[in-house]
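As provided, run_27.cif (mmCIF, C-alpha atoms) reads as follows.
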```
data_final
loop_
_atom_site.group_PDB
_atom_site.id
_atom_site.type_symbol
_atom_site.label_atom_id
_atom_site.label_comp_id
_atom_site.auth_asym_id
_atom_site.auth_seq_id
_atom_site.Cartn_x
_atom_site.Cartn_y
_atom_site.Cartn_z
ATOM 1 C CA MET D 4 -59.167 26.115 -31.180
ATOM 2 C CA ALA D 5 -58.798 22.404 -30.569
ATOM 3 C CA SER D 6 -55.096 22.552 -31.341
ATOM 4 C CA LYS D 7 -54.571 25.347 -28.783
ATOM 5 C CA PHE D 8 -56.453 23.309 -26.151
ATOM 6 C CA ARG D 9 -54.231 20.300 -26.794
ATOM 7 C CA THR D 10 -51.091 22.458 -26.473
ATOM 8 C CA VAL D 11 -52.219 23.919 -23.115
ATOM 9 C CA PHE D 12 -53.193 20.475 -21.856
ATOM 10 C CA PHE D 13 -49.774 19.128 -22.822
ATOM 11 C CA LEU D 14 -47.890 21.962 -21.046
ATOM 12 C CA LEU D 15 -50.102 21.957 -17.930
ATOM 13 C CA PRO D 16 -48.025 19.347 -15.975
ATOM 14 C CA PHE D 17 -44.821 21.294 -16.675
ATOM 15 C CA LEU D 18 -46.439 24.540 -15.539
ATOM 16 C CA LEU D 19 -47.756 22.993 -12.330
ATOM 17 C CA PHE D 20 -44.550 21.058 -11.468
ATOM 18 C CA PRO D 21 -42.508 24.077 -10.287
ATOM 19 C CA ALA D 22 -45.396 25.235 -8.124
ATOM 20 C CA ALA D 23 -45.728 21.781 -6.580
ATOM 21 C CA THR D 24 -42.008 21.489 -5.767
ATOM 22 C CA ALA D 25 -41.343 25.095 -4.725
ATOM 23 C CA PHE D 26 -40.689 25.723 -1.027
ATOM 24 C CA ASN D 27 -39.286 28.489 1.117
ATOM 25 C CA ILE D 28 -37.046 27.571 4.035
ATOM 26 C CA THR D 29 -37.497 30.994 5.567
ATOM 27 C CA SER D 30 -41.282 30.536 5.722
ATOM 28 C CA ILE D 31 -40.902 26.999 7.087
ATOM 29 C CA LEU D 32 -38.551 27.980 9.930
ATOM 30 C CA GLY D 33 -40.660 31.100 10.587
ATOM 31 C CA GLN D 34 -43.281 28.781 12.085
ATOM 32 C CA PHE D 35 -40.934 27.869 14.966
ATOM 33 C CA SER D 36 -39.766 30.644 17.266
ATOM 34 C CA ASP D 37 -37.107 28.425 18.829
ATOM 35 C CA PHE D 38 -35.325 28.312 15.445
ATOM 36 C CA SER D 39 -35.396 32.031 14.704
ATOM 37 C CA ASN D 40 -31.624 32.436 15.022
ATOM 38 C CA LEU D 41 -31.013 29.722 12.437
ATOM 39 C CA ASN D 42 -33.529 31.350 10.132
ATOM 40 C CA ASN D 43 -31.767 34.711 10.398
ATOM 41 C CA LEU D 44 -28.299 33.203 9.839
ATOM 42 C CA LEU D 45 -29.444 31.319 6.731
ATOM 43 C CA THR D 46 -30.653 34.619 5.290
ATOM 44 C CA GLN D 47 -27.487 36.454 6.372
ATOM 45 C CA THR D 48 -25.182 33.916 4.671
ATOM 46 C CA GLN D 49 -27.485 33.698 1.597
ATOM 47 C CA LEU D 50 -27.839 29.955 2.130
ATOM 48 C CA ALA D 51 -31.626 30.356 2.221
ATOM 49 C CA SER D 52 -31.643 31.212 -1.501
ATOM 50 C CA GLU D 53 -29.398 28.227 -2.248
ATOM 51 C CA ILE D 54 -31.737 25.906 -0.317
ATOM 52 C CA ASN D 55 -34.829 27.249 -2.059
ATOM 53 C CA SER D 56 -33.262 26.655 -5.467
ATOM 54 C CA ARG D 57 -32.954 22.908 -4.801
ATOM 55 C CA GLN D 58 -35.693 20.392 -5.530
ATOM 56 C CA ILE D 59 -34.636 17.641 -3.088
ATOM 57 C CA ILE D 60 -32.988 18.599 0.180
ATOM 58 C CA THR D 61 -32.859 17.954 3.935
ATOM 59 C CA VAL D 62 -32.057 20.692 6.460
ATOM 60 C CA LEU D 63 -30.625 19.719 9.850
ATOM 61 C CA SER D 64 -31.842 22.428 12.212
ATOM 62 C CA VAL D 65 -30.594 23.374 15.690
ATOM 63 C CA ASN D 66 -32.478 25.553 18.143
ATOM 64 C CA ASN D 67 -31.371 28.950 19.419
ATOM 65 C CA ALA D 68 -29.610 27.575 22.501
ATOM 66 C CA ALA D 69 -27.508 25.085 20.559
ATOM 67 C CA LEU D 70 -26.696 27.603 17.823
ATOM 68 C CA SER D 71 -25.158 30.113 20.249
ATOM 69 C CA SER D 72 -21.829 28.228 20.154
ATOM 70 C CA VAL D 73 -21.154 29.300 16.539
ATOM 71 C CA SER D 74 -23.257 32.443 16.114
ATOM 72 C CA ASN D 75 -20.237 34.751 16.571
ATOM 73 C CA LEU D 76 -18.072 33.141 13.886
ATOM 74 C CA PRO D 77 -16.976 35.128 10.803
ATOM 75 C CA THR D 78 -19.530 35.027 8.024
ATOM 76 C CA ASP D 79 -17.432 32.900 5.668
ATOM 77 C CA VAL D 80 -16.734 30.306 8.373
ATOM 78 C CA LEU D 81 -20.343 30.365 9.527
ATOM 79 C CA GLU D 82 -21.472 29.723 5.957
ATOM 80 C CA LYS D 83 -19.332 26.572 5.824
ATOM 81 C CA VAL D 84 -20.671 25.313 9.149
ATOM 82 C CA LEU D 85 -24.308 25.865 8.165
ATOM 83 C CA SER D 86 -23.871 24.408 4.675
ATOM 84 C CA PHE D 87 -22.624 21.222 6.344
ATOM 85 C CA HIS D 88 -26.162 20.929 7.825
ATOM 86 C CA VAL D 89 -27.801 20.859 4.384
ATOM 87 C CA VAL D 90 -27.988 17.304 2.972
ATOM 88 C CA LEU D 91 -28.492 16.904 -0.788
ATOM 89 C CA ASP D 92 -31.082 14.147 -0.395
ATOM 90 C CA TYR D 93 -34.461 13.553 1.214
ATOM 91 C CA PHE D 94 -34.580 11.983 4.678
ATOM 92 C CA ASP D 95 -37.609 11.814 6.928
ATOM 93 C CA ARG D 96 -38.195 9.707 10.037
ATOM 94 C CA ASP D 97 -38.700 6.492 8.103
ATOM 95 C CA ASN D 98 -35.548 6.955 6.020
ATOM 96 C CA ILE D 99 -33.260 8.006 8.809
ATOM 97 C CA THR D 100 -34.370 5.260 11.215
ATOM 98 C CA LYS D 101 -34.161 2.469 8.606
ATOM 99 C CA LEU D 102 -30.658 2.877 7.244
ATOM 100 C CA SER D 103 -29.182 -0.008 5.315
ATOM 101 C CA ASN D 104 -26.277 -1.494 7.252
ATOM 102 C CA ARG D 105 -27.331 0.825 10.126
ATOM 103 C CA SER D 106 -25.110 3.602 8.760
ATOM 104 C CA ALA D 107 -24.852 5.958 5.793
ATOM 105 C CA ILE D 108 -22.429 8.562 4.431
ATOM 106 C CA LEU D 109 -24.320 11.559 3.012
ATOM 107 C CA THR D 110 -23.212 14.403 0.746
ATOM 108 C CA THR D 111 -23.744 17.887 2.112
ATOM 109 C CA LEU D 112 -23.919 21.283 0.447
ATOM 110 C CA LEU D 113 -20.449 22.035 1.865
ATOM 111 C CA GLN D 114 -18.927 19.110 -0.038
ATOM 112 C CA ALA D 115 -20.819 19.921 -3.249
ATOM 113 C CA SER D 116 -19.772 23.584 -3.142
ATOM 114 C CA GLY D 117 -16.068 22.707 -3.189
ATOM 115 C CA LEU D 118 -15.399 24.641 0.026
ATOM 116 C CA ALA D 119 -14.622 21.510 2.033
ATOM 117 C CA THR D 120 -11.072 20.377 2.650
ATOM 118 C CA GLY D 121 -10.651 16.944 1.105
ATOM 119 C CA GLN D 122 -13.530 14.699 2.180
ATOM 120 C CA ASN D 123 -14.505 16.735 5.258
ATOM 121 C CA GLY D 124 -17.845 17.704 3.738
ATOM 122 C CA PHE D 125 -19.476 14.265 4.121
ATOM 123 C CA LEU D 126 -21.909 13.487 6.938
ATOM 124 C CA ASN D 127 -21.982 10.237 8.889
ATOM 125 C CA VAL D 128 -25.409 9.050 10.078
ATOM 126 C CA THR D 129 -25.401 5.916 12.272
ATOM 127 C CA ASP D 130 -28.169 3.994 14.009
ATOM 128 C CA MET D 131 -26.835 3.433 17.534
ATOM 129 C CA GLY D 132 -29.738 1.184 18.558
ATOM 130 C CA ASN D 133 -32.530 1.816 21.071
ATOM 131 C CA GLY D 134 -33.962 4.436 18.722
ATOM 132 C CA GLN D 135 -30.881 6.712 18.850
ATOM 133 C CA ILE D 136 -29.552 8.159 15.598
ATOM 134 C CA ALA D 137 -26.125 9.794 15.873
ATOM 135 C CA LEU D 138 -24.668 12.269 13.404
ATOM 136 C CA GLY D 139 -21.188 13.665 12.854
ATOM 137 C CA SER D 140 -18.475 14.313 10.340
ATOM 138 C CA ALA D 141 -17.438 11.363 8.193
ATOM 139 C CA ALA D 142 -13.793 12.479 8.225
ATOM 140 C CA PRO D 143 -11.422 9.885 9.729
ATOM 141 C CA GLY D 144 -11.042 10.265 13.478
ATOM 142 C CA SER D 145 -14.186 12.403 13.894
ATOM 143 C CA ASN D 146 -16.788 11.703 16.564
ATOM 144 C CA LEU D 147 -20.578 11.562 16.288
ATOM 145 C CA THR D 148 -21.396 14.719 18.240
ATOM 146 C CA SER D 149 -25.103 15.208 17.555
ATOM 147 C CA GLN D 150 -28.354 13.211 17.720
ATOM 148 C CA PHE D 151 -31.587 13.181 15.798
ATOM 149 C CA VAL D 152 -34.430 14.660 17.908
ATOM 150 C CA LYS D 153 -37.551 14.912 15.769
ATOM 151 C CA VAL D 154 -39.036 15.922 12.430
ATOM 152 C CA LEU D 155 -40.164 19.543 12.132
ATOM 153 C CA VAL D 156 -41.607 19.710 8.605
ATOM 154 C CA THR D 157 -41.653 17.418 5.577
ATOM 155 C CA HIS D 158 -42.808 17.989 2.037
ATOM 156 C CA PRO D 159 -42.455 14.392 0.859
ATOM 157 C CA TYR D 160 -39.527 13.833 -1.449
ATOM 158 C CA ASN D 161 -38.778 17.557 -1.800
ATOM 159 C CA ILE D 162 -37.715 19.021 1.520
ATOM 160 C CA SER D 163 -37.401 17.685 5.045
ATOM 161 C CA VAL D 164 -36.490 19.782 8.091
ATOM 162 C CA LEU D 165 -35.118 17.725 10.985
ATOM 163 C CA HIS D 166 -34.272 18.843 14.509
ATOM 164 C CA ILE D 167 -30.852 17.717 15.796
ATOM 165 C CA SER D 168 -29.414 18.243 19.268
ATOM 166 C CA SER D 169 -26.218 20.250 18.542
ATOM 167 C CA VAL D 170 -24.177 21.930 15.845
ATOM 168 C CA ILE D 171 -21.784 19.679 13.895
ATOM 169 C CA VAL D 172 -18.516 21.409 13.066
ATOM 170 C CA PRO D 173 -16.565 19.654 10.302
ATOM 171 C CA PRO D 174 -12.791 19.393 10.717
ATOM 172 C CA GLY D 175 -10.467 21.697 8.875
ATOM 173 C CA LEU D 176 -12.177 24.969 9.851
ATOM 174 C CA GLY D 177 -9.972 25.720 12.873
ATOM 175 C CA ILE D 178 -12.840 25.688 15.385
ATOM 176 C CA SER D 179 -14.149 23.176 17.886
ATOM 177 C CA ASN D 180 -17.554 21.693 18.486
ATOM 178 C CA GLY D 181 -17.786 23.247 21.934
ATOM 179 C CA ASN D 182 -17.619 27.009 22.278
ATOM 180 C CA GLY D 183 -16.679 27.940 18.727
ATOM 181 C CA SER D 184 -13.375 29.608 19.723
ATOM 182 C CA SER D 185 -10.615 29.674 17.167
ATOM 183 C CA SER D 186 -8.156 26.868 17.636
ATOM 184 C CA PRO D 187 -6.088 24.630 15.407
ATOM 185 C CA SER D 188 -8.016 21.667 14.131
ATOM 186 C CA PRO D 189 -6.874 18.459 15.827
ATOM 187 C CA ALA D 190 -5.126 15.852 13.773
ATOM 188 C CA PRO D 191 -7.238 12.790 13.012
ATOM 189 C CA SER D 192 -6.771 10.245 15.741
ATOM 190 C CA SER D 193 -6.184 6.612 15.032
ATOM 191 C CA PRO D 194 -9.069 4.246 15.886
ATOM 192 C CA PHE D 195 -6.563 2.202 17.867
ATOM 193 C CA PRO D 196 -4.754 4.123 20.627
ATOM 194 C CA ALA D 197 -1.018 3.927 20.644
ATOM 195 C CA PRO D 198 0.413 1.770 23.451
ATOM 196 C CA ARG D 199 1.680 3.718 26.449
ATOM 197 C CA MET D 200 5.047 2.957 27.946
ATOM 198 C CA THR D 201 4.801 2.529 31.724
ATOM 199 C CA PRO D 202 8.147 2.859 33.531
ATOM 200 C CA GLY D 203 9.060 0.147 35.998
ATOM 201 C CA PRO D 204 9.442 0.845 39.722
ATOM 202 C CA SER D 205 13.202 1.163 39.517
ATOM 203 C CA MET D 206 13.647 2.421 35.995
ATOM 204 C CA GLY D 207 16.437 4.941 35.796
ATOM 205 C CA ALA D 208 18.939 6.023 33.256
ATOM 206 C CA PRO D 209 19.764 3.315 30.787
ATOM 207 C CA ARG D 210 22.747 1.302 31.842
ATOM 208 C CA MET D 211 25.460 0.493 29.405
ATOM 209 C CA ALA D 212 26.620 -3.083 29.359
ATOM 210 C CA PRO D 213 30.348 -3.311 30.172
ATOM 211 C CA MET D 214 32.473 -3.787 27.142
ATOM 212 C CA PRO D 215 34.656 -6.903 27.259
ATOM 213 C CA ALA D 216 38.352 -6.229 27.686
ATOM 214 C CA PHE D 217 40.238 -6.411 24.454
ATOM 215 C CA ALA D 218 42.540 -9.387 24.344
ATOM 216 C CA PRO D 219 45.226 -9.597 21.683
ATOM 217 C CA PRO D 220 44.788 -12.503 19.334
ATOM 218 C CA ARG D 221 46.593 -15.592 20.374
ATOM 219 C CA SER D 222 49.406 -16.388 18.008
ATOM 220 C CA THR D 223 49.624 -19.923 16.769
ATOM 221 C CA PRO D 224 52.976 -21.438 17.563
ATOM 222 C CA PRO D 225 54.876 -22.373 14.408
ATOM 223 C CA ALA D 226 54.831 -25.982 13.455
ATOM 224 C CA PRO D 227 58.072 -27.692 14.377
ATOM 225 C CA SER D 228 60.265 -28.053 11.323
ATOM 226 C CA PRO D 229 61.633 -31.482 10.636
ATOM 227 C CA SER D 230 65.105 -31.919 12.073
ATOM 228 C CA TYR D 231 67.840 -33.343 9.969
ATOM 229 C CA ARG D 232 70.848 -34.986 11.457
ATOM 230 C CA SER D 233 73.980 -33.438 10.034
ATOM 231 C CA PRO D 234 76.434 -35.949 8.710
ATOM 232 C CA SER D 235 79.075 -36.852 11.195
ATOM 233 C CA PRO D 236 82.767 -36.998 10.303
ATOM 234 C CA SER D 237 82.622 -40.731 10.545
ATOM 235 C CA ASP D 238 79.934 -40.852 7.856
ATOM 236 C CA ALA D 239 81.976 -38.678 5.547
ATOM 237 C CA ALA D 240 85.036 -40.797 6.089
ATOM 238 C CA SER D 241 83.399 -44.015 5.042
ATOM 239 C CA PRO D 242 81.012 -43.411 2.106
ATOM 240 C CA LEU D 243 78.981 -46.242 0.787
ATOM 241 C CA PRO D 244 80.064 -47.546 -2.635
ATOM 242 C CA VAL D 245 77.738 -46.628 -5.531
ATOM 243 C CA VAL D 246 77.237 -49.418 -8.025
ATOM 244 C CA VAL D 247 76.074 -48.383 -11.508
ATOM 245 C CA ARG D 248 74.421 -51.179 -13.392
ATOM 246 C CA PRO D 249 73.660 -50.990 -17.112
ATOM 247 C CA PRO D 250 69.964 -51.135 -17.963
ATOM 248 C CA ALA D 251 68.743 -54.567 -18.770
ATOM 249 C CA PRO D 252 67.404 -54.973 -22.321
ATOM 250 C CA ARG D 253 63.631 -54.880 -22.489
ATOM 251 C CA VAL D 254 62.352 -58.032 -24.079
ATOM 252 C CA ALA D 255 58.674 -58.316 -24.867
ATOM 253 C CA PRO D 256 57.218 -61.467 -23.344
ATOM 254 C CA PRO D 257 55.853 -64.054 -25.785
ATOM 255 C CA MET D 258 52.090 -63.701 -26.292
ATOM 256 C CA THR D 259 49.684 -66.535 -25.987
ATOM 257 C CA GLY D 260 46.743 -67.151 -28.253
ATOM 258 C CA GLY D 261 44.374 -65.144 -26.000
ATOM 259 C CA GLY D 262 46.534 -62.015 -26.168
ATOM 260 C CA SER D 263 47.913 -62.383 -22.627
ATOM 261 C CA PRO D 264 51.615 -62.489 -21.865
ATOM 262 C CA LEU D 265 52.975 -65.912 -21.430
ATOM 263 C CA GLY D 266 53.439 -66.779 -17.814
ATOM 264 C CA SER D 267 50.769 -64.429 -16.436
ATOM 265 C CA PRO D 268 48.012 -65.918 -14.352
ATOM 266 C CA THR D 269 44.886 -66.920 -16.235
ATOM 267 C CA GLY D 270 42.111 -64.391 -15.904
ATOM 268 C CA SER D 271 44.363 -61.635 -14.564
ATOM 269 C CA PRO D 272 43.671 -58.261 -16.215
ATOM 270 C CA SER D 273 46.244 -57.185 -18.719
ATOM 271 C CA GLY D 274 47.892 -53.857 -18.126
ATOM 272 C CA GLY D 275 46.993 -53.914 -14.424
ATOM 273 C CA VAL D 276 50.539 -52.985 -13.448
ATOM 274 C CA ALA D 277 52.313 -50.281 -15.466
ATOM 275 C CA ASP D 278 55.814 -51.046 -16.633
ATOM 276 C CA VAL D 279 58.509 -48.680 -15.532
ATOM 277 C CA PRO D 280 60.015 -47.109 -18.688
ATOM 278 C CA SER D 281 63.664 -47.855 -19.201
ATOM 279 C CA PRO D 282 66.161 -45.444 -20.676
ATOM 280 C CA THR D 283 66.324 -45.446 -24.475
ATOM 281 C CA ALA D 284 69.669 -45.821 -26.156
ATOM 282 C CA PRO D 285 70.804 -43.012 -28.495
ATOM 283 C CA GLY D 286 70.911 -45.400 -31.412
ATOM 284 C CA ASP D 287 67.214 -46.092 -31.158
ATOM 285 C CA ASP D 288 66.392 -42.358 -31.517
ATOM 286 C CA ALA D 289 68.446 -42.054 -34.717
ATOM 287 C CA SER D 290 66.776 -45.102 -36.220
ATOM 288 C CA GLY D 291 63.349 -43.678 -35.460
ATOM 289 C CA ALA D 292 64.262 -40.359 -37.034
ATOM 290 C CA ARG D 293 65.395 -42.108 -40.244
ATOM 291 C CA HIS D 294 62.086 -43.919 -40.452
ATOM 292 C CA VAL D 295 60.172 -40.637 -40.104
ATOM 293 C CA VAL D 296 62.223 -38.920 -42.826
ATOM 294 C CA GLY D 297 61.804 -41.870 -45.167
ATOM 295 C CA ALA D 298 58.054 -41.875 -44.677
ATOM 296 C CA GLY D 299 57.942 -38.138 -45.344
ATOM 297 C CA LEU D 300 59.794 -38.556 -48.631
ATOM 298 C CA VAL D 301 57.437 -41.268 -49.773
ATOM 299 C CA VAL D 302 54.430 -39.032 -49.056
ATOM 300 C CA ALA D 303 56.030 -36.090 -50.871
ATOM 301 C CA LEU D 304 56.763 -38.208 -53.950
ATOM 302 C CA GLY D 305 53.234 -39.520 -53.987
ATOM 303 C CA VAL D 306 51.777 -35.997 -53.836
ATOM 304 C CA ALA D 307 54.103 -34.835 -56.655
ATOM 305 C CA PHE D 308 53.044 -37.778 -58.776
ATOM 306 C CA LEU D 309 49.376 -36.957 -58.326
ATOM 307 C CA VAL D 310 49.922 -33.296 -59.223
ATOM 308 C CA LEU D 311 51.842 -34.220 -62.422
ATOM 309 C CA SER D 312 49.124 -36.666 -63.394
ATOM 310 C CA GLU D 313 46.419 -34.031 -63.123
ATOM 311 C CA CYS D 314 48.475 -31.530 -65.130
ATOM 312 C CA ASN D 315 48.907 -33.979 -67.999
#
```

Serialized structure, structure tokens:
Amino acid sequence: MASKFRTVFFLLPFLLFPAATAFNITSILGQFSDFSNLNNLLTQTQLASEINSRQIITVLSVNNAALSSVSNLPTDVLEKVLSFHVVLDYFDRDNITKLSNRSAILTTLLQASGLATGQNGFLNVTDMGNGQIALGSAAPGSNLTSQFVKVLVTHPYNISVLHISSVIVPPGLGISNGNGSSSPSPAPSSPFPAPRMTPGPSMGAPRMAPMPAFAPPRSTPPAPSPSYRSPSPSDAASPLPVVVRPPAPRVAPPMTGGGSPLGSPTGSPSGGVADVPSPTAPGDDASGARHVVGAGLVVALGVAFLVLSECN
């Protein structure tokens, strides 16, 4: 008996927890006649069952007048619009008016369901100052089109139902935030407007600058060739005599003790002026050739002698 009592006592918190966290969005909105259209549409799109299955959630509610702009949409599109108004977190007055950095990006049921295009299922909540909290799509280029009005019902840290001023239509659904008529979704606008070109008072068709006339390249006059005076008959008649002198023998100057030629100035660098080579007589070439042949024979005999020595 004692063991059964301990088992029931241990399971009691788990049995009571679902009852403590259970809520019914249909019953909550049923308390407010001005939100009857929203209550009916949540049931029609089966979003009421999805909301009731969550443990922590915030529902952004719009009254009947504000909901009329989207009430005639197809059911699948209406489901996406309404699921964008279900935040997967708990926000009451204290939370929503004390945002860190005065702004927050919240995940909605539309983003979590995978029905959103890209990142269009995130909600932007921004504190505008003076007690005004603005809400809108967090997609780039989107505007904050709705405002927080008041808190309708809160079950702390489980469900919070907040009243906002107008329906928020996320981009990518092909409808607008105004009358709900079908129209292509506008492309995201840049936060910085493109500069506009303002025409001048006398701006007309663009004028072409006149092309300069083509001038042929200036040719460079040829350099004057050197003129040679042709020999006159008088020059041919009286040629100058040509004297052929035999080359003087080249005698090496006597050397002094310091290695300088005798007769050169003291301190003058040797070899400063190169001697002009004189023609060599044919006899000198033959003598040099005989010396080369004789030296070659001596080397050949020496090599033969060494080879015979090694063989013996």

Check: What separation in Å, quoted to one decimal, exists between CA of Leu109 (chain D) and CA of Val90 (chain D)?
Finding: 6.8 Å

Notebook entry, point to check: Quick one: which residues end up in the PyMOL selection byres ((chain D and resi 139) around 10) for this structure, as a count of residues only?
Noted result: 21

Next item on the list: Could you check which of D:Pro174, D:Ala115, D:Asn43, D:Ile162 is closest to Pro143 (chain D), using only C-alpha atoms?
Entry: D:Pro174

Item checked: Residue IDs satisfying the PyMOL selection byres ((chain D and resi 167) around 8), as a ChimeraX atom specification -> /D:63-65,149-153,165-166,168-170

Notebook entry, point to check: Do you know which residues the PyMOL selection byres ((chain D and resi 29) around 12) returns on this file, as JSON, numbers by chain?
Noted result: {"D": [26, 27, 28, 30, 31, 32, 33, 34, 35, 36, 38, 39, 40, 41, 42, 43, 44, 45, 46, 47, 49, 50, 51, 52, 53, 54, 55, 62, 164]}

Next item on the list: Just give me the gap between CA of Thr48 (chain D) and CA of Asp79 (chain D) in Å, one decimal is fine.
Entry: 7.9 Å

Checklist line | Two-atom distance - CA of Thr157 (chain D), CA of Thr110 (chain D) (Å) | finding: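 Taking CA of Thr157 (chain D) and CA of Thr110 (chain D), their separation equals 19.3 Å.
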
Note to self: Neighbouring residues of Leu113 (chain D) were defined as those with any atom within 6 Å, considering all atoms listed in the file; residues of the same chain fewer than 6 positions away were excluded. Please report them as a ChimeraX atom specification.
What the structure shows: /D:86-87,119,124

Notebook entry, point to check: Smallest atom-to-atom distance to Gly117 (chain D): which of D:Ala69, D:Ile59, D:Pro77, D:Lys83, using all atoms listed in the file?
Noted result: D:Lys83

Next item on the list: Using all atoms listed in the file, find the one residue out of D:Val84, D:Ile178, D:Ala25, D:Ile99 that sits nearest to Leu70 (chain D).
Entry: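 Of the candidates, the smallest distance to Leu70 (chain D) is held by D:Val84.
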
Next item on the list: Would you kindly return, as a list in words, each protein, DNA or RNA residue with an atom no farther than 10 Å from any atom of Tyr160 (chain D), considering all atoms listed in the file and excluding same-chain residues fewer than 6 positions away?
Entry: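 The residues satisfying every condition are Thr24, Gln58, Ile59, Ile60, Thr61, Asp92, Tyr93, Phe94 and Asp95 of chain D.
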